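A.B. asks: start-v2.pdb is reproduced below (PDB, N, CA and C atoms).
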ATOM      1  N   THR A   1       0.837  -1.180   0.000
ATOM      2  CA  THR A   1       0.000   0.000   0.000
ATOM      3  C   THR A   1       0.880   1.241   0.000
ATOM      4  N   LYS A   2       0.574   2.155  -0.907
ATOM      5  CA  LYS A   2       1.282   3.430  -0.964
ATOM      6  C   LYS A   2       0.243   4.506  -1.229
ATOM      7  N   LEU A   3      -0.083   5.266  -0.192
ATOM      8  CA  LEU A   3      -1.132   6.272  -0.318
ATOM      9  C   LEU A   3      -0.534   7.668  -0.212
ATOM     10  N   GLU A   4      -0.761   8.444  -1.246
ATOM     11  CA  GLU A   4      -0.345   9.839  -1.303
ATOM     12  C   GLU A   4      -1.404  10.601  -2.084
ATOM     13  N   GLY A   5      -1.524  11.881  -1.819
ATOM     14  CA  GLY A   5      -2.368  12.730  -2.636
ATOM     15  C   GLY A   5      -3.854  12.695  -2.344
ATOM     16  N   LEU A   6      -4.291  11.819  -1.442
ATOM     17  CA  LEU A   6      -5.706  11.832  -1.079
ATOM     18  C   LEU A   6      -5.970  13.037  -0.184
ATOM     19  N   PRO A   7      -7.197  13.555  -0.171
ATOM     20  CA  PRO A   7      -7.491  14.709   0.679
ATOM     21  C   PRO A   7      -7.196  14.394   2.152
ATOM     22  N   GLU A   8      -6.680  15.397   2.844
ATOM     23  CA  GLU A   8      -6.409  15.220   4.270
ATOM     24  C   GLU A   8      -7.696  15.047   5.051
ATOM     25  N   ARG A   9      -8.725  15.701   4.595
ATOM     26  CA  ARG A   9     -10.035  15.611   5.258
ATOM     27  C   ARG A   9     -11.102  15.302   4.214
ATOM     28  N   MET A  10     -12.007  14.409   4.587
ATOM     29  CA  MET A  10     -13.162  14.093   3.749
ATOM     30  C   MET A  10     -14.364  14.037   4.670
ATOM     31  N   ASP A  11     -15.529  14.418   4.145
ATOM     32  CA  ASP A  11     -16.704  14.292   4.999
ATOM     33  C   ASP A  11     -17.027  12.808   5.183
ATOM     34  N   ALA A  12     -17.836  12.516   6.156
ATOM     35  CA  ALA A  12     -18.105  11.125   6.546
ATOM     36  C   ALA A  12     -18.700  10.305   5.403
ATOM     37  N   SER A  13     -19.608  10.887   4.622
ATOM     38  CA  SER A  13     -20.238  10.109   3.548
ATOM     39  C   SER A  13     -19.233   9.803   2.438
ATOM     40  N   ALA A  14     -18.347  10.746   2.120
ATOM     41  CA  ALA A  14     -17.330  10.499   1.099
ATOM     42  C   ALA A  14     -16.339   9.441   1.582
ATOM     43  N   MET A  15     -15.929   9.524   2.834
ATOM     44  CA  MET A  15     -15.007   8.531   3.381
ATOM     45  C   MET A  15     -15.650   7.141   3.380
ATOM     46  N   ARG A  16     -16.928   7.084   3.684
ATOM     47  CA  ARG A  16     -17.639   5.801   3.669
ATOM     48  C   ARG A  16     -17.672   5.226   2.260
ATOM     49  N   ASP A  17     -18.019   6.067   1.263
ATOM     50  CA  ASP A  17     -18.058   5.594  -0.124
ATOM     51  C   ASP A  17     -16.686   5.110  -0.577
ATOM     52  N   LEU A  18     -15.646   5.863  -0.261
ATOM     53  CA  LEU A  18     -14.300   5.474  -0.656
ATOM     54  C   LEU A  18     -13.887   4.162   0.006
ATOM     55  N   SER A  19     -14.162   4.025   1.283
ATOM     56  CA  SER A  19     -13.769   2.792   1.983
ATOM     57  C   SER A  19     -14.565   1.588   1.481
ATOM     58  N   LEU A  20     -15.830   1.778   1.127
ATOM     59  CA  LEU A  20     -16.626   0.663   0.605
ATOM     60  C   LEU A  20     -16.184   0.258  -0.805
ATOM     61  N   ILE A  21     -15.731   1.223  -1.611
ATOM     62  CA  ILE A  21     -15.172   0.884  -2.917
ATOM     63  C   ILE A  21     -13.920   0.034  -2.724
ATOM     64  N   LEU A  22     -13.053   0.455  -1.823
ATOM     65  CA  LEU A  22     -11.830  -0.311  -1.553
ATOM     66  C   LEU A  22     -12.155  -1.710  -1.040
ATOM     67  N   ARG A  23     -13.079  -1.790  -0.133
ATOM     68  CA  ARG A  23     -13.474  -3.092   0.428
ATOM     69  C   ARG A  23     -13.987  -4.029  -0.668
ATOM     70  N   GLU A  24     -14.833  -3.512  -1.536
ATOM     71  CA  GLU A  24     -15.391  -4.322  -2.621
ATOM     72  C   GLU A  24     -14.305  -4.743  -3.607
ATOM     73  N   ALA A  25     -13.408  -3.811  -3.942
ATOM     74  CA  ALA A  25     -12.337  -4.127  -4.892
ATOM     75  C   ALA A  25     -11.433  -5.229  -4.352
ATOM     76  N   VAL A  26     -11.054  -5.140  -3.090
ATOM     77  CA  VAL A  26     -10.198  -6.163  -2.480
ATOM     78  C   VAL A  26     -10.958  -7.478  -2.357
ATOM     79  N   GLY A  27     -12.205  -7.409  -1.923
ATOM     80  CA  GLY A  27     -13.019  -8.625  -1.808
ATOM     81  C   GLY A  27     -13.204  -9.328  -3.135
ATOM     82  N   ASN A  28     -13.471  -8.566  -4.198
ATOM     83  CA  ASN A  28     -13.635  -9.163  -5.531
ATOM     84  C   ASN A  28     -12.339  -9.791  -6.020
ATOM     85  N   ALA A  29     -11.216  -9.125  -5.745
ATOM     86  CA  ALA A  29      -9.920  -9.666  -6.167
ATOM     87  C   ALA A  29      -9.673 -11.030  -5.534
ATOM     88  N   ILE A  30     -10.032 -11.158  -4.275
ATOM     89  CA  ILE A  30      -9.821 -12.421  -3.564
ATOM     90  C   ILE A  30     -10.858 -13.466  -3.983
ATOM     91  N   LYS A  31     -12.124 -13.074  -3.934
ATOM     92  CA  LYS A  31     -13.212 -14.027  -4.171
ATOM     93  C   LYS A  31     -13.326 -14.466  -5.633
ATOM     94  N   HIS A  32     -13.340 -13.519  -6.537
ATOM     95  CA  HIS A  32     -13.556 -13.851  -7.946
ATOM     96  C   HIS A  32     -12.253 -14.018  -8.726
ATOM     97  N   GLY A  33     -11.237 -13.247  -8.348
ATOM     98  CA  GLY A  33      -9.978 -13.308  -9.076
ATOM     99  C   GLY A  33      -8.966 -14.267  -8.492
ATOM    100  N   GLU A  34      -9.243 -14.754  -7.275
ATOM    101  CA  GLU A  34      -8.308 -15.642  -6.578
ATOM    102  C   GLU A  34      -6.913 -15.027  -6.492
ATOM    103  N   ALA A  35      -6.871 -13.713  -6.253
ATOM    104  CA  ALA A  35      -5.607 -12.985  -6.186
ATOM    105  C   ALA A  35      -4.787 -13.412  -4.981
ATOM    106  N   ARG A  36      -3.481 -13.392  -5.169
ATOM    107  CA  ARG A  36      -2.558 -13.665  -4.078
ATOM    108  C   ARG A  36      -1.849 -12.393  -3.648
ATOM    109  N   LYS A  37      -1.746 -11.424  -4.566
ATOM    110  CA  LYS A  37      -1.120 -10.141  -4.259
ATOM    111  C   LYS A  37      -2.053  -9.018  -4.695
ATOM    112  N   ILE A  38      -2.244  -8.069  -3.805
ATOM    113  CA  ILE A  38      -3.089  -6.901  -4.081
ATOM    114  C   ILE A  38      -2.290  -5.666  -3.696
ATOM    115  N   ALA A  39      -2.258  -4.684  -4.589
ATOM    116  CA  ALA A  39      -1.567  -3.424  -4.316
ATOM    117  C   ALA A  39      -2.579  -2.286  -4.357
ATOM    118  N   ILE A  40      -2.463  -1.390  -3.396
ATOM    119  CA  ILE A  40      -3.320  -0.204  -3.340
ATOM    120  C   ILE A  40      -2.391   0.999  -3.337
ATOM    121  N   ALA A  41      -2.595   1.908  -4.291
ATOM    122  CA  ALA A  41      -1.743   3.092  -4.391
ATOM    123  C   ALA A  41      -2.574   4.294  -4.819
ATOM    124  N   SER A  42      -2.180   5.443  -4.343
ATOM    125  CA  SER A  42      -2.848   6.673  -4.755
ATOM    126  C   SER A  42      -1.796   7.736  -5.015
ATOM    127  N   GLU A  43      -2.209   8.733  -5.768
ATOM    128  CA  GLU A  43      -1.318   9.848  -6.069
ATOM    129  C   GLU A  43      -2.143  11.092  -6.323
ATOM    130  N   LYS A  44      -1.534  12.217  -6.141
ATOM    131  CA  LYS A  44      -2.174  13.499  -6.392
ATOM    132  C   LYS A  44      -2.301  13.704  -7.893
ATOM    133  N   LYS A  45      -3.378  14.370  -8.308
ATOM    134  CA  LYS A  45      -3.576  14.714  -9.717
ATOM    135  C   LYS A  45      -4.019  16.172  -9.780
ATOM    136  N   GLY A  46      -3.183  17.004 -10.336
ATOM    137  CA  GLY A  46      -3.513  18.421 -10.407
ATOM    138  C   GLY A  46      -3.510  19.070  -9.030
ATOM    139  N   ILE A  47      -4.294  20.112  -8.889
ATOM    140  CA  ILE A  47      -4.311  20.869  -7.635
ATOM    141  C   ILE A  47      -5.109  20.151  -6.544
ATOM    142  N   GLU A  48      -6.303  19.679  -6.883
ATOM    143  CA  GLU A  48      -7.154  19.061  -5.869
ATOM    144  C   GLU A  48      -7.563  17.627  -6.191
ATOM    145  N   GLY A  49      -7.138  17.105  -7.305
ATOM    146  CA  GLY A  49      -7.566  15.775  -7.726
ATOM    147  C   GLY A  49      -6.658  14.678  -7.208
ATOM    148  N   TRP A  50      -7.082  13.448  -7.428
ATOM    149  CA  TRP A  50      -6.312  12.278  -7.019
ATOM    150  C   TRP A  50      -6.705  11.070  -7.848
ATOM    151  N   ILE A  51      -5.818  10.093  -7.850
ATOM    152  CA  ILE A  51      -6.061   8.811  -8.512
ATOM    153  C   ILE A  51      -5.769   7.722  -7.496
ATOM    154  N   LEU A  52      -6.661   6.762  -7.408
ATOM    155  CA  LEU A  52      -6.486   5.613  -6.525
ATOM    156  C   LEU A  52      -6.569   4.362  -7.387
ATOM    157  N   ARG A  53      -5.580   3.472  -7.246
ATOM    158  CA  ARG A  53      -5.570   2.230  -8.022
ATOM    159  C   ARG A  53      -5.498   1.030  -7.085
ATOM    160  N   VAL A  54      -6.280   0.023  -7.414
ATOM    161  CA  VAL A  54      -6.221  -1.261  -6.709
ATOM    162  C   VAL A  54      -5.914  -2.295  -7.789
ATOM    163  N   SER A  55      -4.753  -2.922  -7.706
ATOM    164  CA  SER A  55      -4.378  -3.916  -8.716
ATOM    165  C   SER A  55      -4.132  -5.253  -8.045
ATOM    166  N   ASN A  56      -4.327  -6.320  -8.830
ATOM    167  CA  ASN A  56      -4.118  -7.660  -8.270
ATOM    168  C   ASN A  56      -3.611  -8.614  -9.347
ATOM    169  N   ASP A  57      -3.007  -9.688  -8.870
ATOM    170  CA  ASP A  57      -2.418 -10.691  -9.766
ATOM    171  C   ASP A  57      -3.346 -11.863 -10.041
ATOM    172  N   GLY A  58      -4.618 -11.695  -9.776
ATOM    173  CA  GLY A  58      -5.572 -12.791  -9.949
ATOM    174  C   GLY A  58      -5.989 -13.002 -11.394
ATOM    175  N   LYS A  59      -7.057 -13.761 -11.552
ATOM    176  CA  LYS A  59      -7.590 -14.029 -12.885
ATOM    177  C   LYS A  59      -7.953 -12.711 -13.566
ATOM    178  N   PRO A  60      -7.761 -12.621 -14.875
ATOM    179  CA  PRO A  60      -8.093 -11.387 -15.587
ATOM    180  C   PRO A  60      -9.569 -11.026 -15.473
ATOM    181  N   TYR A  61      -9.846  -9.749 -15.285
ATOM    182  CA  TYR A  61     -11.218  -9.255 -15.281
ATOM    183  C   TYR A  61     -11.642  -9.012 -16.720
ATOM    184  N   ASP A  62     -12.818  -9.508 -17.057
ATOM    185  CA  ASP A  62     -13.384  -9.312 -18.386
ATOM    186  C   ASP A  62     -14.836  -8.902 -18.198
ATOM    187  N   SER A  63     -15.156  -7.664 -18.536
ATOM    188  CA  SER A  63     -16.513  -7.159 -18.317
ATOM    189  C   SER A  63     -17.558  -7.959 -19.092
ATOM    190  N   ALA A  64     -17.163  -8.590 -20.195
ATOM    191  CA  ALA A  64     -18.101  -9.361 -21.005
ATOM    192  C   ALA A  64     -18.538 -10.650 -20.313
ATOM    193  N   THR A  65     -17.688 -11.197 -19.466
ATOM    194  CA  THR A  65     -18.014 -12.470 -18.814
ATOM    195  C   THR A  65     -18.176 -12.347 -17.299
ATOM    196  N   ALA A  66     -17.920 -11.162 -16.762
ATOM    197  CA  ALA A  66     -18.026 -10.968 -15.307
ATOM    198  C   ALA A  66     -19.467 -11.100 -14.845
ATOM    199  N   LEU A  67     -19.640 -11.644 -13.658
ATOM    200  CA  LEU A  67     -20.969 -11.739 -13.066
ATOM    201  C   LEU A  67     -21.484 -10.343 -12.767
ATOM    202  N   GLY A  68     -22.754 -10.108 -13.083
ATOM    203  CA  GLY A  68     -23.328  -8.779 -12.891
ATOM    204  C   GLY A  68     -24.690  -8.828 -12.244
ATOM    205  N   VAL A  69     -25.397  -7.746 -12.384
ATOM    206  CA  VAL A  69     -26.707  -7.582 -11.768
ATOM    207  C   VAL A  69     -27.661  -8.701 -12.183
ATOM    208  N   ASP A  70     -27.602  -9.121 -13.448
ATOM    209  CA  ASP A  70     -28.487 -10.176 -13.934
ATOM    210  C   ASP A  70     -28.290 -11.496 -13.192
ATOM    211  N   GLN A  71     -27.089 -11.693 -12.648
ATOM    212  CA  GLN A  71     -26.789 -12.920 -11.893
ATOM    213  C   GLN A  71     -26.834 -12.670 -10.381
ATOM    214  N   GLY A  72     -27.327 -11.506  -9.983
ATOM    215  CA  GLY A  72     -27.443 -11.198  -8.555
ATOM    216  C   GLY A  72     -26.170 -10.666  -7.924
ATOM    217  N   HIS A  73     -25.233 -10.182  -8.735
ATOM    218  CA  HIS A  73     -23.979  -9.624  -8.231
ATOM    219  C   HIS A  73     -23.994  -8.114  -8.465
ATOM    220  N   PHE A  74     -23.969  -7.349  -7.384
ATOM    221  CA  PHE A  74     -24.144  -5.902  -7.467
ATOM    222  C   PHE A  74     -22.875  -5.122  -7.114
ATOM    223  N   GLY A  75     -21.756  -5.810  -6.918
ATOM    224  CA  GLY A  75     -20.531  -5.165  -6.459
ATOM    225  C   GLY A  75     -20.005  -4.079  -7.375
ATOM    226  N   VAL A  76     -19.852  -4.383  -8.645
ATOM    227  CA  VAL A  76     -19.309  -3.394  -9.580
ATOM    228  C   VAL A  76     -20.284  -2.229  -9.735
ATOM    229  N   GLU A  77     -21.565  -2.521  -9.829
ATOM    230  CA  GLU A  77     -22.564  -1.446  -9.944
ATOM    231  C   GLU A  77     -22.561  -0.577  -8.698
ATOM    232  N   GLY A  78     -22.403  -1.186  -7.539
ATOM    233  CA  GLY A  78     -22.315  -0.419  -6.291
ATOM    234  C   GLY A  78     -21.094   0.479  -6.273
ATOM    235  N   MET A  79     -19.962  -0.026  -6.762
ATOM    236  CA  MET A  79     -18.752   0.797  -6.821
ATOM    237  C   MET A  79     -18.953   1.971  -7.777
ATOM    238  N   LYS A  80     -19.617   1.728  -8.889
ATOM    239  CA  LYS A  80     -19.868   2.807  -9.850
ATOM    240  C   LYS A  80     -20.758   3.890  -9.234
ATOM    241  N   ALA A  81     -21.792   3.482  -8.518
ATOM    242  CA  ALA A  81     -22.695   4.444  -7.871
ATOM    243  C   ALA A  81     -21.944   5.262  -6.816
ATOM    244  N   ARG A  82     -21.102   4.607  -6.038
ATOM    245  CA  ARG A  82     -20.325   5.325  -5.023
ATOM    246  C   ARG A  82     -19.324   6.283  -5.671
ATOM    247  N   ALA A  83     -18.715   5.863  -6.767
ATOM    248  CA  ALA A  83     -17.776   6.738  -7.480
ATOM    249  C   ALA A  83     -18.500   7.990  -7.977
ATOM    250  N   ARG A  84     -19.706   7.825  -8.504
ATOM    251  CA  ARG A  84     -20.479   8.985  -8.969
ATOM    252  C   ARG A  84     -20.746   9.944  -7.818
ATOM    253  N   ARG A  85     -21.090   9.408  -6.648
ATOM    254  CA  ARG A  85     -21.338  10.275  -5.489
ATOM    255  C   ARG A  85     -20.082  11.031  -5.079
ATOM    256  N   LEU A  86     -18.925  10.414  -5.288
ATOM    257  CA  LEU A  86     -17.659  11.079  -4.985
ATOM    258  C   LEU A  86     -17.257  12.095  -6.055
ATOM    259  N   GLY A  87     -17.952  12.071  -7.189
ATOM    260  CA  GLY A  87     -17.575  12.918  -8.311
ATOM    261  C   GLY A  87     -16.358  12.373  -9.029
ATOM    262  N   ALA A  88     -16.189  11.063  -8.978
ATOM    263  CA  ALA A  88     -15.017  10.404  -9.559
ATOM    264  C   ALA A  88     -15.421   9.485 -10.697
ATOM    265  N   LYS A  89     -14.438   9.159 -11.533
ATOM    266  CA  LYS A  89     -14.628   8.175 -12.592
ATOM    267  C   LYS A  89     -13.991   6.877 -12.133
ATOM    268  N   ILE A  90     -14.615   5.764 -12.491
ATOM    269  CA  ILE A  90     -14.073   4.464 -12.116
ATOM    270  C   ILE A  90     -13.920   3.608 -13.358
ATOM    271  N   SER A  91     -12.856   2.856 -13.415
ATOM    272  CA  SER A  91     -12.668   1.905 -14.515
ATOM    273  C   SER A  91     -12.061   0.632 -13.948
ATOM    274  N   LEU A  92     -12.320  -0.452 -14.629
ATOM    275  CA  LEU A  92     -11.838  -1.768 -14.216
ATOM    276  C   LEU A  92     -11.409  -2.498 -15.473
ATOM    277  N   CYS A  93     -10.153  -2.913 -15.513
ATOM    278  CA  CYS A  93      -9.658  -3.567 -16.722
ATOM    279  C   CYS A  93      -8.514  -4.518 -16.388
ATOM    280  N   TYR A  94      -8.154  -5.313 -17.373
ATOM    281  CA  TYR A  94      -6.994  -6.186 -17.280
ATOM    282  C   TYR A  94      -5.948  -5.604 -18.223
ATOM    283  N   ASP A  95      -4.757  -5.296 -17.710
ATOM    284  CA  ASP A  95      -3.739  -4.627 -18.522
ATOM    285  C   ASP A  95      -2.725  -5.585 -19.154
ATOM    286  N   GLY A  96      -3.022  -6.866 -19.146
ATOM    287  CA  GLY A  96      -2.104  -7.857 -19.707
ATOM    288  C   GLY A  96      -1.303  -8.586 -18.646
ATOM    289  N   ARG A  97      -1.199  -7.990 -17.458
ATOM    290  CA  ARG A  97      -0.474  -8.618 -16.352
ATOM    291  C   ARG A  97      -1.305  -8.699 -15.078
ATOM    292  N   ARG A  98      -2.220  -7.755 -14.944
ATOM    293  CA  ARG A  98      -2.995  -7.684 -13.704
ATOM    294  C   ARG A  98      -4.326  -6.992 -13.955
ATOM    295  N   THR A  99      -5.253  -7.217 -13.029
ATOM    296  CA  THR A  99      -6.518  -6.511 -13.067
ATOM    297  C   THR A  99      -6.342  -5.226 -12.264
ATOM    298  N   VAL A 100      -6.801  -4.115 -12.829
ATOM    299  CA  VAL A 100      -6.609  -2.811 -12.189
ATOM    300  C   VAL A 100      -7.936  -2.066 -12.115
ATOM    301  N   LEU A 101      -8.303  -1.663 -10.901
ATOM    302  CA  LEU A 101      -9.426  -0.767 -10.700
ATOM    303  C   LEU A 101      -8.827   0.613 -10.488
ATOM    304  N   THR A 102      -9.298   1.589 -11.258
ATOM    305  CA  THR A 102      -8.807   2.953 -11.140
ATOM    306  C   THR A 102      -9.967   3.864 -10.782
ATOM    307  N   LEU A 103      -9.780   4.647  -9.744
ATOM    308  CA  LEU A 103     -10.756   5.634  -9.310
ATOM    309  C   LEU A 103     -10.071   6.984  -9.440
ATOM    310  N   GLU A 104     -10.660   7.879 -10.232
ATOM    311  CA  GLU A 104     -10.006   9.141 -10.537
ATOM    312  C   GLU A 104     -10.927  10.312 -10.267
ATOM    313  N   LYS A 105     -10.449  11.226  -9.446
ATOM    314  CA  LYS A 105     -11.212  12.437  -9.112
ATOM    315  C   LYS A 105     -10.438  13.648  -9.634
ATOM    316  N   GLU A 106     -11.091  14.405 -10.486
ATOM    317  CA  GLU A 106     -10.419  15.562 -11.093
ATOM    318  C   GLU A 106     -10.177  16.675 -10.074
ATOM    319  N   LYS A 107     -11.176  17.029  -9.275
ATOM    320  CA  LYS A 107     -11.004  18.053  -8.229
ATOM    321  C   LYS A 107     -12.114  17.979  -7.241
TER     322      LYS A 107
END
Mind converting the file's structure to structure tokens?

C.D. replies:
Amino acid sequence: TKLEGLPERMDASAMRDLSLILREAVGNAIKHGEARKIAIASEKKGIEGWILRVSNDGKPYDSATALGVDQGHFGVEGMKARARRLGAKISLCYDGRRTVLTLEKEK
């Protein structure tokens, strides 16, 4: 874990949304990806923005085959809703070596 650039203070609802996104990302990496290594890192972006990444060495994430709402799995949709409340963009992809969830807040 390497955390830098996140706001020093966040209101309670934003902190809750951020922590629940992290919890879901780590849980999915373990449960669905069978990850053995998970890295969490953040960095400052611009004056007030930040980027948070959660990457893992588990099975590749593929949005076309991932379990979703139709199968009773609401984790990714929940993370997207929380990201919107934070005013952030979220993406989840496999970069050829690892699955990476990126949460990006412009300001």

A.B. asks: Please report the interatomic distance between atom CA of A:Val54 and atom CA of A:Ala41 in Å with one decimal.

C.D. replies: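 Atom CA of A:Ala41 lies 6.7 Å from atom CA of A:Val54.
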
A.B. asks: To one decimal place, how far is atom CA of A:Leu86 from atom CA of A:Ala14 in Å?

C.D. replies: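 Rounded to one decimal, the two atoms are 6.1 Å apart.
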
A.B. asks: On this file, the PyMOL selection byres ((chain A and resi 53) around 7) gives some set of residues; write that set as JSON, numbers by chain.

C.D. replies: {"A": [39, 40, 41, 42, 43, 51, 52, 54, 55, 100, 101, 102, 103]}

A.B. asks: How would you write, as a ChimeraX atom specification, the residues chosen by the PyMOL selection byres (((chain A and resi 17-30 and name CA) around 10) and name CA) on this structure?

C.D. replies: /A:10,12-16,31-40,52-61,75-76,78-86,90,92,99-101,103

A.B. asks: Just the number, please: distance in Å from atom C of A:Leu3 to atom N of A:Lys44, one decimal.

C.D. replies: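 Atom N of A:Lys44 lies 7.5 Å from atom C of A:Leu3.
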
A.B. asks: Taking the backbone alone, and naming residues the way the document does, which bits of chain A are strand (DSSP E) by DSSP, as a count of residues only?

C.D. replies: 30

A.B. asks: If you count only N, CA and C atoms, which residues fall within 7 Å of A:Lys105, apart from same-chain ones fewer than 3 positions away, as an mmCIF file with N, CA and C atoms, keeping the file's coordinate frame?

C.D. replies:
data_model
loop_
_atom_site.group_PDB
_atom_site.id
_atom_site.type_symbol
_atom_site.label_atom_id
_atom_site.label_comp_id
_atom_site.auth_asym_id
_atom_site.auth_seq_id
_atom_site.Cartn_x
_atom_site.Cartn_y
_atom_site.Cartn_z
ATOM 1 N N LYS A 45 -3.378 14.370 -8.308
ATOM 2 C CA LYS A 45 -3.576 14.714 -9.717
ATOM 3 C C LYS A 45 -4.019 16.172 -9.780
ATOM 4 N N GLU A 48 -6.303 19.679 -6.883
ATOM 5 C CA GLU A 48 -7.154 19.061 -5.869
ATOM 6 C C GLU A 48 -7.563 17.627 -6.191
ATOM 7 N N GLY A 49 -7.138 17.105 -7.305
ATOM 8 C CA GLY A 49 -7.566 15.775 -7.726
ATOM 9 C C GLY A 49 -6.658 14.678 -7.208
ATOM 10 N N TRP A 50 -7.082 13.448 -7.428
ATOM 11 C CA TRP A 50 -6.312 12.278 -7.019
ATOM 12 C C TRP A 50 -6.705 11.070 -7.848
ATOM 13 N N ILE A 51 -5.818 10.093 -7.850
ATOM 14 C CA ILE A 51 -6.061 8.811 -8.512
ATOM 15 C C ILE A 51 -5.769 7.722 -7.496
ATOM 16 N N LEU A 52 -6.661 6.762 -7.408
ATOM 17 C CA LEU A 52 -6.486 5.613 -6.525
ATOM 18 C C LEU A 52 -6.569 4.362 -7.387
ATOM 19 N N LEU A 86 -18.925 10.414 -5.288
ATOM 20 C CA LEU A 86 -17.659 11.079 -4.985
ATOM 21 C C LEU A 86 -17.257 12.095 -6.055
ATOM 22 N N GLY A 87 -17.952 12.071 -7.189
ATOM 23 C CA GLY A 87 -17.575 12.918 -8.311
ATOM 24 C C GLY A 87 -16.358 12.373 -9.029
ATOM 25 N N ALA A 88 -16.189 11.063 -8.978
ATOM 26 C CA ALA A 88 -15.017 10.404 -9.559
ATOM 27 C C ALA A 88 -15.421 9.485 -10.697
ATOM 28 N N LYS A 89 -14.438 9.159 -11.533
ATOM 29 C CA LYS A 89 -14.628 8.175 -12.592
ATOM 30 C C LYS A 89 -13.991 6.877 -12.133
#
